[in-house]
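Enquirer: Input structure_6.csv, format and content: CSV, C-alpha atoms and all ligand atoms.
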```csv
chain,number,residue,atom,x,y,z
E,1,MET,CA,-13.4,-16.2,-39.8
E,2,ASN,CA,-10.0,-15.6,-38.2
E,3,ALA,CA,-11.6,-13.9,-35.2
E,4,LEU,CA,-13.9,-16.9,-34.8
E,5,LEU,CA,-11.0,-19.3,-35.0
E,6,SER,CA,-9.0,-17.3,-32.5
E,7,GLU,CA,-12.0,-17.2,-30.1
E,8,ALA,CA,-12.4,-21.0,-30.5
E,9,ARG,CA,-8.7,-21.5,-29.7
E,10,ALA,CA,-9.0,-19.2,-26.7
E,11,LYS,CA,-11.9,-21.2,-25.3
E,12,VAL,CA,-10.1,-24.5,-25.8
E,13,GLY,CA,-6.9,-23.2,-24.1
E,14,HIS,CA,-9.0,-21.9,-21.2
E,15,ARG,CA,-10.9,-25.1,-20.8
E,16,LEU,CA,-7.7,-27.1,-20.9
E,17,ALA,CA,-6.2,-24.7,-18.3
E,18,MET,CA,-9.2,-25.4,-16.1
E,19,HIS,CA,-9.1,-29.1,-16.3
E,20,LEU,CA,-5.4,-30.0,-16.8
E,21,ARG,CA,-3.1,-29.4,-13.9
E,22,VAL,CA,0.6,-28.7,-14.2
E,23,ASP,CA,0.8,-30.5,-10.9
E,24,LEU,CA,-1.3,-31.2,-7.9
E,25,PHE,CA,-0.6,-29.2,-4.7
E,26,ARG,CA,-2.0,-30.4,-1.4
E,27,LEU,CA,-3.1,-27.6,0.9
E,28,HIS,CA,-1.8,-28.0,4.4
E,29,ASN,CA,-3.5,-25.0,6.0
E,30,SER,CA,-4.5,-25.8,9.6
E,31,THR,CA,-7.7,-23.7,9.5
E,32,PRO,CA,-10.0,-22.5,6.8
E,33,MET,CA,-8.8,-19.2,5.2
E,34,VAL,CA,-10.2,-16.4,3.1
E,35,SER,CA,-8.5,-14.0,0.8
E,36,PHE,CA,-10.0,-10.8,-0.7
E,37,THR,CA,-8.7,-9.9,-4.1
E,38,PHE,CA,-9.4,-6.9,-6.3
E,39,ASP,CA,-8.4,-6.6,-10.0
E,40,ASP,CA,-7.5,-3.6,-12.2
E,41,LEU,CA,-7.1,-1.0,-9.3
E,42,PRO,CA,-10.3,1.0,-9.4
E,43,LYS,CA,-9.9,4.0,-7.1
E,44,SER,CA,-12.8,2.9,-4.9
E,45,ALA,CA,-11.1,-0.5,-4.2
E,46,VAL,CA,-8.3,1.5,-2.6
E,47,THR,CA,-10.3,4.2,-0.8
E,48,SER,CA,-13.2,2.0,0.3
E,49,GLY,CA,-12.1,-1.6,-0.2
E,50,ALA,CA,-8.7,-1.4,1.4
E,51,ALA,CA,-10.0,0.8,4.2
E,52,MET,CA,-12.8,-1.7,5.1
E,53,LEU,CA,-10.3,-4.6,5.2
E,54,GLU,CA,-8.0,-2.6,7.4
E,55,ALA,CA,-10.9,-1.8,9.8
E,56,HIS,CA,-11.1,-5.6,10.3
E,57,GLY,CA,-7.4,-5.8,10.8
E,58,ALA,CA,-7.1,-7.5,7.4
E,59,ARG,CA,-5.2,-7.0,4.2
E,60,GLY,CA,-6.1,-7.8,0.6
E,61,THR,CA,-4.4,-8.7,-2.7
E,62,PHE,CA,-4.6,-6.1,-5.5
E,63,TYR,CA,-3.8,-7.4,-9.0
E,64,VAL,CA,-2.3,-4.5,-10.9
E,65,SER,CA,-1.8,-4.0,-14.7
E,66,GLY,CA,0.7,-1.2,-15.1
E,67,SER,CA,-1.2,0.1,-18.2
E,68,LEU,CA,-4.4,0.6,-16.2
E,69,VAL,CA,-2.9,2.6,-13.4
E,70,GLY,CA,-4.2,6.2,-13.6
E,71,ALA,CA,-6.2,5.3,-16.7
E,72,ASP,CA,-9.9,5.9,-16.1
E,73,GLY,CA,-12.1,3.4,-17.9
E,74,PRO,CA,-15.8,3.2,-18.8
E,75,ASP,CA,-16.7,1.6,-15.5
E,76,TRP,CA,-14.7,3.4,-12.8
E,77,VAL,CA,-12.1,6.1,-11.9
E,78,ALA,CA,-8.7,4.5,-11.8
E,79,GLY,CA,-6.3,4.4,-8.9
E,80,ASP,CA,-2.9,6.0,-9.5
E,81,ALA,CA,0.7,5.1,-8.9
E,82,ASP,CA,0.6,6.7,-5.4
E,83,ASP,CA,-2.3,4.3,-4.5
E,84,VAL,CA,-0.2,1.3,-5.5
E,85,VAL,CA,2.7,2.5,-3.3
E,86,ALA,CA,0.3,3.4,-0.4
E,87,LEU,CA,-1.4,-0.1,-0.6
E,88,HIS,CA,2.0,-1.8,-0.5
E,89,ARG,CA,3.2,0.3,2.5
E,90,ARG,CA,-0.1,-0.4,4.4
E,91,GLY,CA,0.6,-4.1,4.1
E,92,HIS,CA,-1.6,-5.1,1.2
E,93,GLU,CA,-0.2,-7.4,-1.5
E,94,ILE,CA,0.4,-6.2,-5.0
E,95,GLY,CA,0.0,-8.9,-7.6
E,96,CYS,CA,0.6,-9.1,-11.3
E,97,HIS,CA,-2.2,-8.9,-13.9
E,98,THR,CA,0.0,-8.6,-17.0
E,99,PHE,CA,1.1,-5.0,-18.0
E,100,SER,CA,-1.3,-4.6,-20.8
E,101,HIS,CA,-4.3,-6.5,-19.3
E,102,GLN,CA,-4.3,-9.1,-22.0
E,103,ARG,CA,-5.8,-12.6,-22.0
E,104,ALA,CA,-3.1,-15.3,-21.3
E,105,CYS,CA,-4.6,-17.3,-24.2
E,106,ASP,CA,-3.7,-14.5,-26.7
E,107,LEU,CA,0.0,-14.3,-25.6
E,108,ASP,CA,2.7,-16.6,-26.8
E,109,ALA,CA,5.6,-17.4,-24.5
E,110,ALA,CA,7.7,-14.4,-25.6
E,111,ALA,CA,4.7,-12.0,-25.3
E,112,MET,CA,3.8,-13.3,-21.9
E,113,GLN,CA,7.4,-12.9,-20.7
E,114,GLN,CA,7.4,-9.4,-21.9
E,115,GLU,CA,4.1,-8.6,-20.1
E,116,ILE,CA,5.5,-10.0,-16.9
E,117,THR,CA,8.9,-8.3,-17.1
E,118,ARG,CA,7.3,-5.0,-18.0
E,119,ASN,CA,4.8,-5.1,-15.2
E,120,ARG,CA,7.5,-6.1,-12.7
E,121,ALA,CA,9.8,-3.2,-13.9
E,122,TYR,CA,6.8,-0.8,-13.6
E,123,LEU,CA,6.0,-1.9,-10.0
E,124,HIS,CA,9.6,-2.0,-8.9
E,125,ALA,CA,10.2,1.5,-10.2
E,126,LEU,CA,7.4,2.7,-7.9
E,127,ASP,CA,8.9,0.8,-4.9
E,128,PRO,CA,11.7,-1.7,-5.2
E,129,SER,CA,10.4,-3.5,-2.1
E,130,ILE,CA,7.2,-4.6,-3.8
E,131,ARG,CA,7.3,-8.4,-4.0
E,132,ILE,CA,5.3,-9.9,-6.9
E,133,ASP,CA,4.4,-13.5,-6.0
E,134,SER,CA,0.8,-13.7,-7.2
E,135,PHE,CA,-0.8,-13.6,-10.6
E,136,ALA,CA,-4.4,-13.3,-11.8
E,137,TYR,CA,-5.6,-14.1,-15.3
E,138,PRO,CA,-6.9,-10.9,-17.1
E,139,PHE,CA,-10.6,-11.5,-17.9
E,140,GLY,CA,-10.3,-14.8,-16.1
E,141,TYR,CA,-9.1,-16.5,-19.2
E,142,GLY,CA,-6.5,-19.2,-18.4
E,143,SER,CA,-4.2,-20.7,-21.0
E,144,TYR,CA,-2.9,-24.2,-20.7
E,145,ALA,CA,0.0,-23.3,-22.9
E,146,ARG,CA,1.1,-20.6,-20.4
E,147,LYS,CA,0.7,-22.4,-17.2
E,148,HIS,CA,4.2,-23.9,-17.0
E,149,GLN,CA,5.6,-20.5,-17.7
E,150,LEU,CA,3.5,-18.8,-15.0
E,151,ARG,CA,4.4,-21.5,-12.5
E,152,LYS,CA,8.1,-20.5,-12.8
E,153,GLU,CA,7.2,-16.8,-12.1
E,154,PHE,CA,4.5,-16.9,-9.5
E,155,GLN,CA,3.4,-18.9,-6.5
E,156,THR,CA,-0.2,-18.7,-7.5
E,157,CYS,CA,-2.5,-17.9,-10.5
E,158,ARG,CA,-6.1,-17.0,-9.7
E,159,SER,CA,-8.9,-17.7,-12.1
E,160,ILE,CA,-12.5,-16.6,-11.9
E,161,VAL,CA,-13.9,-20.1,-12.2
E,162,GLN,CA,-16.2,-20.5,-9.2
E,163,GLY,CA,-15.3,-22.8,-6.3
E,164,VAL,CA,-13.6,-23.0,-3.0
E,165,ASN,CA,-10.1,-24.5,-3.0
E,166,SER,CA,-9.5,-27.5,-0.8
E,167,GLY,CA,-7.5,-30.7,-0.7
E,168,GLY,CA,-5.5,-31.1,-3.9
E,169,VAL,CA,-5.5,-27.9,-5.9
E,170,ASP,CA,-4.1,-26.4,-9.0
E,171,LEU,CA,-2.0,-23.4,-8.0
E,172,GLN,CA,-1.9,-22.2,-11.6
E,173,PHE,CA,-5.7,-22.1,-11.7
E,174,LEU,CA,-7.1,-21.4,-8.2
E,175,ARG,CA,-10.8,-21.0,-8.0
E,176,ALA,CA,-12.5,-17.9,-6.7
E,177,MET,CA,-15.9,-16.6,-5.9
E,178,PRO,CA,-17.3,-13.2,-7.2
E,179,LEU,CA,-17.6,-10.4,-4.7
E,180,ILE,CA,-19.9,-8.7,-7.3
E,181,ASP,CA,-23.4,-7.6,-6.5
E,182,ARG,CA,-24.8,-8.8,-9.8
E,183,GLU,CA,-23.5,-12.3,-9.2
E,184,MET,CA,-23.4,-12.8,-5.4
E,185,ASP,CA,-25.7,-12.2,-2.5
E,186,ARG,CA,-25.4,-12.7,1.3
E,187,ASP,CA,-26.7,-16.2,1.2
E,188,GLY,CA,-24.1,-17.1,-1.5
E,189,ILE,CA,-21.4,-15.6,0.7
E,190,GLU,CA,-22.5,-17.7,3.7
E,191,ARG,CA,-22.6,-20.9,1.5
E,192,ALA,CA,-19.1,-20.2,0.3
E,193,PHE,CA,-17.9,-19.9,3.9
E,194,ASP,CA,-19.8,-23.0,4.8
E,195,ASP,CA,-17.9,-24.9,2.1
E,196,ALA,CA,-14.6,-23.5,3.4
E,197,GLN,CA,-15.4,-24.6,6.9
E,198,THR,CA,-16.6,-28.0,6.0
E,199,ASN,CA,-13.6,-28.8,3.8
E,200,ASN,CA,-10.9,-26.7,5.6
E,201,GLY,CA,-10.8,-24.8,2.3
E,202,TRP,CA,-9.2,-21.6,1.0
E,203,LEU,CA,-12.0,-19.2,-0.1
E,204,ILE,CA,-10.8,-16.5,-2.5
E,205,PHE,CA,-13.1,-13.6,-3.4
E,206,TYR,CA,-12.5,-11.5,-6.4
E,207,GLY,CA,-14.0,-8.1,-7.4
E,208,HIS,CA,-13.2,-4.7,-8.7
E,209,ASP,CA,-14.8,-1.4,-7.6
E,210,VAL,CA,-16.3,-1.0,-4.1
E,211,THR,CA,-19.0,1.7,-4.2
E,212,ASP,CA,-22.7,2.2,-3.5
E,213,ARG,CA,-23.5,2.0,-7.2
E,214,PRO,CA,-21.0,-0.6,-8.4
E,215,SER,CA,-20.2,-1.4,-12.0
E,216,PRO,CA,-21.3,-4.8,-13.3
E,217,TYR,CA,-18.0,-6.1,-12.0
E,218,GLY,CA,-17.9,-4.5,-8.6
E,219,CYS,CA,-19.6,-4.7,-5.2
E,220,SER,CA,-21.3,-2.4,-2.7
E,221,PRO,CA,-19.6,-1.7,0.6
E,222,ALA,CA,-22.5,-3.5,2.2
E,223,LEU,CA,-21.7,-6.8,0.4
E,224,LEU,CA,-18.0,-6.5,1.3
E,225,GLU,CA,-18.9,-5.7,4.9
E,226,HIS,CA,-21.1,-8.8,5.0
E,227,ALA,CA,-18.2,-11.0,3.8
E,228,LEU,CA,-15.8,-9.4,6.3
E,229,ALA,CA,-18.2,-9.8,9.1
E,230,ALA,CA,-18.9,-13.5,8.2
E,231,ALA,CA,-15.1,-14.2,8.3
E,232,SER,CA,-14.8,-12.5,11.7
E,233,ARG,CA,-18.0,-14.2,13.1
E,234,ARG,CA,-16.6,-17.6,11.9
E,235,LYS,CA,-13.1,-16.8,13.1
E,236,ILE,CA,-11.7,-17.5,9.7
E,237,PRO,CA,-8.4,-15.6,9.1
E,238,VAL,CA,-8.3,-13.1,6.3
E,239,LEU,CA,-5.0,-13.4,4.5
E,240,THR,CA,-3.4,-12.0,1.4
E,241,MET,CA,-2.7,-14.6,-1.4
E,242,ALA,CA,1.0,-14.7,-0.4
E,243,GLU,CA,0.2,-15.1,3.3
E,244,ALA,CA,-2.4,-17.9,2.6
E,245,MET,CA,0.2,-19.7,0.5
E,246,ARG,CA,2.6,-19.7,3.5
E,247,CYS,CA,-0.1,-21.4,5.5
E,248,ALA,CA,-1.0,-23.7,2.7
E,249,ARG,CA,2.6,-24.9,2.6
E,250,GLY,CA,2.2,-26.0,6.2
E,301,ZN,ZN,-8.6,-7.4,-14.9
```
Using structure tokens, write down the structure from this file.
Expert:
Amino acid sequence: MNALLSEARAKVGHRLAMHLRVDLFRLHNSTPMVSFTFDDLPKSAVTSGAAMLEAHGARGTFYVSGSLVGADGPDWVAGDADDVVALHRRGHEIGCHTFSHQRACDLDAAAMQQEITRNRAYLHALDPSIRIDSFAYPFGYGSYARKHQLRKEFQTCRSIVQGVNSGGVDLQFLRAMPLIDREMDRDGIERAFDDAQTNNGWLIFYGHDVTDRPSPYGCSPALLEHALAAASRRKIPVLTMAEAMRCARG
């Protein structure tokens, strides 16, 4: 019963987070933009994903939970601390994904603060020059109760609720499109880019591993290559979340 109640509360908090803005931010980017984001630091996102972005002259945003670094899970081999530092030095952005990879709706204000502080300390110990401006909700679960708090700590919070951001947006609940073979195909990628071009939008992709046999949460190199080629064909700049925010501020 308690578990059911807690799930019900989590769902309500998530739905409120989705629909109630802390405030409305108007995007002032002069052209459409696209960001490629990867969660949880699978090794293949570093070895294949980052390398493919770099081959297009682009950089990505990698949302890291300190507790998952070097910790292989059921779905992939994990990247390690050296990978985090290497990504940062190669110009990719390192974002926060809580330290323990916990849903925001399960954390009270003190617990969230601890998660943020611990993750920052972990990343700064690896390299003090890592800036942490961007946050992604673990498991995609937002929390209305935590949005004000996150707004003070980060420029943006990325959800996994589908959509292309344009016009007035909620920076504490940015929408994103899956770069996940099970959920997205080439036509879907083209439609998302069409939307970004029609509405001068900010298209954000999210994914995990990048390998020929991806997990249910990851993508094949072919799907990532299609998205990168689409951006290049349409002359849409590929920006990290922090870079895109600089453009969005106009
Ligand atoms: Zn995650």
Enquirer: Enumerate as a PyMOL selection string the residues within 10 Å of ligand ZN 301 (chain E), counting all atoms listed in the file.
Expert: chain E and resi 38-41+63-65+68+97-98+100-103+136-140+207-208+217
Enquirer: Any idea what the distance is between CA of Phe62 in chain E and CA of Ala78 in chain E?
Expert: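 Between CA of Phe62 in chain E and CA of Ala78 in chain E the gap is 13.0 Å.
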Enquirer: Rank nothing, just name the residue among E:Pro42, E:Gly91, E:Ser220, E:Met18 nearest to Pro74 in chain E, using all atoms listed in the file.
Expert: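 Residue with the minimum atom-to-atom distance to Pro74 in chain E: E:Pro42.
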Enquirer: Choose the residue, out of E:His56, E:Lys43, E:Arg120, E:Arg26, that has the smallest atom-to-atom separation from His226 in chain E; count all atoms listed in the file.
Expert: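 Residue with the minimum atom-to-atom distance to His226 in chain E: E:His56.
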Enquirer: Taking into account only C-alpha atoms, which residue in the set E:Ala17, E:Cys96, E:Leu150, E:Val169 is nearest to Gly66 in chain E?
Expert: E:Cys96
Enquirer: Taking into account all atoms listed in the file, which residue in the set E:Gly49, E:Gly167, E:Pro128, E:Gly201 is nearest to Leu223 in chain E?
Expert: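 Once distances to Leu223 in chain E are computed over all atoms listed in the file, the minimum belongs to E:Gly49.
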Enquirer: In Å, how far is it from CA of Asn29 in chain E to CA of Tyr206 in chain E?
Expert: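 Separation of CA of Asn29 in chain E and CA of Tyr206 in chain E: 20.4 Å.
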Enquirer: Quick one, how far is CA of Arg158 in chain E from CA of Leu174 in chain E?
Expert: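 About the pair CA of Arg158 in chain E and CA of Leu174 in chain E: they are 4.8 Å apart.
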Enquirer: Tell me, as a ChimeraX atom specification, which residues lie within 9 Å of Val46 in chain E, counting all atoms listed in the file; anything in the same chain fewer than 6 positions away does not count.
Expert: /E:62,79,83-84,87,209-210
Enquirer: Return as JSON lines the residues of range 14-122 of chain E lying at most 9 Å from range 243-248 of chain E, together with the closest atom-to-atom pair for each and the distance in Å to one decimal, counting all atoms listed in the file, with rows in chain order and ascending residue number.
Expert:
```
{"residue": "E:Arg26", "atom": "CA", "partner": "E:Ala248", "partner_atom": "CA", "distance": 7.9}
{"residue": "E:Leu27", "atom": "CA", "partner": "E:Ala248", "partner_atom": "CA", "distance": 4.8}
{"residue": "E:His28", "atom": "CA", "partner": "E:Ala248", "partner_atom": "CA", "distance": 4.7}
{"residue": "E:Asn29", "atom": "CA", "partner": "E:Ala248", "partner_atom": "CA", "distance": 4.3}
{"residue": "E:Ser30", "atom": "CA", "partner": "E:Cys247", "partner_atom": "CA", "distance": 7.5}
{"residue": "E:Thr31", "atom": "CA", "partner": "E:Cys247", "partner_atom": "CA", "distance": 8.9}
{"residue": "E:Met33", "atom": "CA", "partner": "E:Ala244", "partner_atom": "CA", "distance": 7.0}
{"residue": "E:Val34", "atom": "CA", "partner": "E:Ala244", "partner_atom": "CA", "distance": 8.0}
{"residue": "E:Ser35", "atom": "CA", "partner": "E:Ala244", "partner_atom": "CA", "distance": 7.5}
```
Enquirer: When you look at Phe36 in chain E with a cut-off of 9 Å (counting only C-alpha atoms), what residues show up, excluding the ones that are within fewer than 3 positions of it in the same chain? I need them as a PyMOL selection string.
Expert: chain E and resi 53+59-62+179+203-207+238-241
Enquirer: Got a sec: who's within 7 Å of range 194-200 of chain E, counting only C-alpha atoms, leaving out chain neighbours fewer than 4 positions off, as a PyMOL selection string?
Expert: chain E and resi 31-32+164+166+190
Enquirer: Out of E:Gly188, E:Gly70, E:Gly95, E:Pro178, which residue has the shortest atom-to-atom distance to Ala242 in chain E when counting all atoms listed in the file?
Expert: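 Using all atoms listed in the file, the shortest distance to Ala242 in chain E belongs to E:Gly95.
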Enquirer: Let me make sure I understand: among E:Arg186, E:Arg191, E:Lys147, E:His88, which one has the smallest atom-to-atom distance to His19 in chain E if we use all atoms listed in the file?
Expert: E:Lys147
Enquirer: If we count only C-alpha atoms, what is near His148 in chain E at a cut-off of 12 Å, once residues fewer than 5 positions away on the same chain are taken out, given as a list in words?
Expert: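 That gives Ala17, Leu20, Arg21, Val22, Asp23, Ala109, Met112, Gly142, Ser143, Glu153, Phe154, Gln155, Thr156, Cys157, Asp170, Leu171, Gln172 and Phe173 of chain E.
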Enquirer: Once N, CA, C and O atoms are restored for range 133-148 of chain E, what would the output be as a PDB file, keeping the file's coordinate frame?
Expert:
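Output file part.pdb follows:
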```pdb
ATOM      1  N   ASP E 133       4.477 -12.065  -6.107  1.00  0.00           N
ATOM      2  CA  ASP E 133       4.400 -13.500  -6.000  1.00  0.00           C
ATOM      3  C   ASP E 133       3.150 -14.109  -6.638  1.00  0.00           C
ATOM      4  O   ASP E 133       3.055 -15.313  -6.836  1.00  0.00           O
ATOM      5  N   SER E 134       2.164 -13.245  -6.856  1.00  0.00           N
ATOM      6  CA  SER E 134       0.800 -13.700  -7.200  1.00  0.00           C
ATOM      7  C   SER E 134       0.363 -13.150  -8.520  1.00  0.00           C
ATOM      8  O   SER E 134       0.629 -11.980  -8.820  1.00  0.00           O
ATOM      9  N   PHE E 135      -0.346 -13.959  -9.286  1.00  0.00           N
ATOM     10  CA  PHE E 135      -0.800 -13.600 -10.600  1.00  0.00           C
ATOM     11  C   PHE E 135      -2.314 -13.835 -10.715  1.00  0.00           C
ATOM     12  O   PHE E 135      -2.813 -14.807 -10.144  1.00  0.00           O
ATOM     13  N   ALA E 136      -3.029 -12.986 -11.437  1.00  0.00           N
ATOM     14  CA  ALA E 136      -4.400 -13.300 -11.800  1.00  0.00           C
ATOM     15  C   ALA E 136      -4.608 -13.119 -13.269  1.00  0.00           C
ATOM     16  O   ALA E 136      -4.074 -12.189 -13.880  1.00  0.00           O
ATOM     17  N   TYR E 137      -5.338 -14.063 -13.862  1.00  0.00           N
ATOM     18  CA  TYR E 137      -5.600 -14.100 -15.300  1.00  0.00           C
ATOM     19  C   TYR E 137      -6.494 -12.903 -15.700  1.00  0.00           C
ATOM     20  O   TYR E 137      -7.629 -12.838 -15.217  1.00  0.00           O
ATOM     21  N   PRO E 138      -6.043 -11.986 -16.583  1.00  0.00           N
ATOM     22  CA  PRO E 138      -6.900 -10.900 -17.100  1.00  0.00           C
ATOM     23  C   PRO E 138      -8.202 -11.548 -17.723  1.00  0.00           C
ATOM     24  O   PRO E 138      -8.094 -12.551 -18.442  1.00  0.00           O
ATOM     25  N   PHE E 139      -9.342 -10.996 -17.428  1.00  0.00           N
ATOM     26  CA  PHE E 139     -10.600 -11.500 -17.900  1.00  0.00           C
ATOM     27  C   PHE E 139     -10.940 -12.893 -17.475  1.00  0.00           C
ATOM     28  O   PHE E 139     -11.889 -13.499 -17.955  1.00  0.00           O
ATOM     29  N   GLY E 140     -10.111 -13.412 -16.572  1.00  0.00           N
ATOM     30  CA  GLY E 140     -10.300 -14.800 -16.100  1.00  0.00           C
ATOM     31  C   GLY E 140      -9.977 -15.862 -17.051  1.00  0.00           C
ATOM     32  O   GLY E 140     -10.193 -17.037 -16.771  1.00  0.00           O
ATOM     33  N   TYR E 141      -9.425 -15.487 -18.180  1.00  0.00           N
ATOM     34  CA  TYR E 141      -9.100 -16.500 -19.200  1.00  0.00           C
ATOM     35  C   TYR E 141      -7.770 -17.144 -18.943  1.00  0.00           C
ATOM     36  O   TYR E 141      -6.734 -16.518 -19.075  1.00  0.00           O
ATOM     37  N   GLY E 142      -7.782 -18.429 -18.604  1.00  0.00           N
ATOM     38  CA  GLY E 142      -6.500 -19.200 -18.400  1.00  0.00           C
ATOM     39  C   GLY E 142      -5.999 -19.623 -19.776  1.00  0.00           C
ATOM     40  O   GLY E 142      -6.630 -19.425 -20.825  1.00  0.00           O
ATOM     41  N   SER E 143      -4.809 -20.189 -19.746  1.00  0.00           N
ATOM     42  CA  SER E 143      -4.200 -20.700 -21.000  1.00  0.00           C
ATOM     43  C   SER E 143      -3.361 -21.917 -20.544  1.00  0.00           C
ATOM     44  O   SER E 143      -2.423 -21.765 -19.768  1.00  0.00           O
ATOM     45  N   TYR E 144      -3.720 -23.082 -21.057  1.00  0.00           N
ATOM     46  CA  TYR E 144      -2.900 -24.200 -20.700  1.00  0.00           C
ATOM     47  C   TYR E 144      -1.478 -24.071 -21.152  1.00  0.00           C
ATOM     48  O   TYR E 144      -0.536 -24.406 -20.431  1.00  0.00           O
ATOM     49  N   ALA E 145      -1.310 -23.476 -22.319  1.00  0.00           N
ATOM     50  CA  ALA E 145       0.000 -23.300 -22.900  1.00  0.00           C
ATOM     51  C   ALA E 145       0.921 -22.419 -21.996  1.00  0.00           C
ATOM     52  O   ALA E 145       2.141 -22.558 -21.999  1.00  0.00           O
ATOM     53  N   ARG E 146       0.337 -21.507 -21.235  1.00  0.00           N
ATOM     54  CA  ARG E 146       1.100 -20.600 -20.400  1.00  0.00           C
ATOM     55  C   ARG E 146       1.296 -21.002 -18.983  1.00  0.00           C
ATOM     56  O   ARG E 146       2.001 -20.366 -18.219  1.00  0.00           O
ATOM     57  N   LYS E 147       0.623 -22.079 -18.575  1.00  0.00           N
ATOM     58  CA  LYS E 147       0.700 -22.400 -17.200  1.00  0.00           C
ATOM     59  C   LYS E 147       2.050 -22.800 -16.646  1.00  0.00           C
ATOM     60  O   LYS E 147       2.432 -22.409 -15.550  1.00  0.00           O
ATOM     61  N   HIS E 148       2.806 -23.553 -17.442  1.00  0.00           N
ATOM     62  CA  HIS E 148       4.200 -23.900 -17.000  1.00  0.00           C
ATOM     63  C   HIS E 148       5.029 -22.709 -16.810  1.00  0.00           C
ATOM     64  O   HIS E 148       5.796 -22.613 -15.867  1.00  0.00           O
TER      65      HIS E 148
END
```
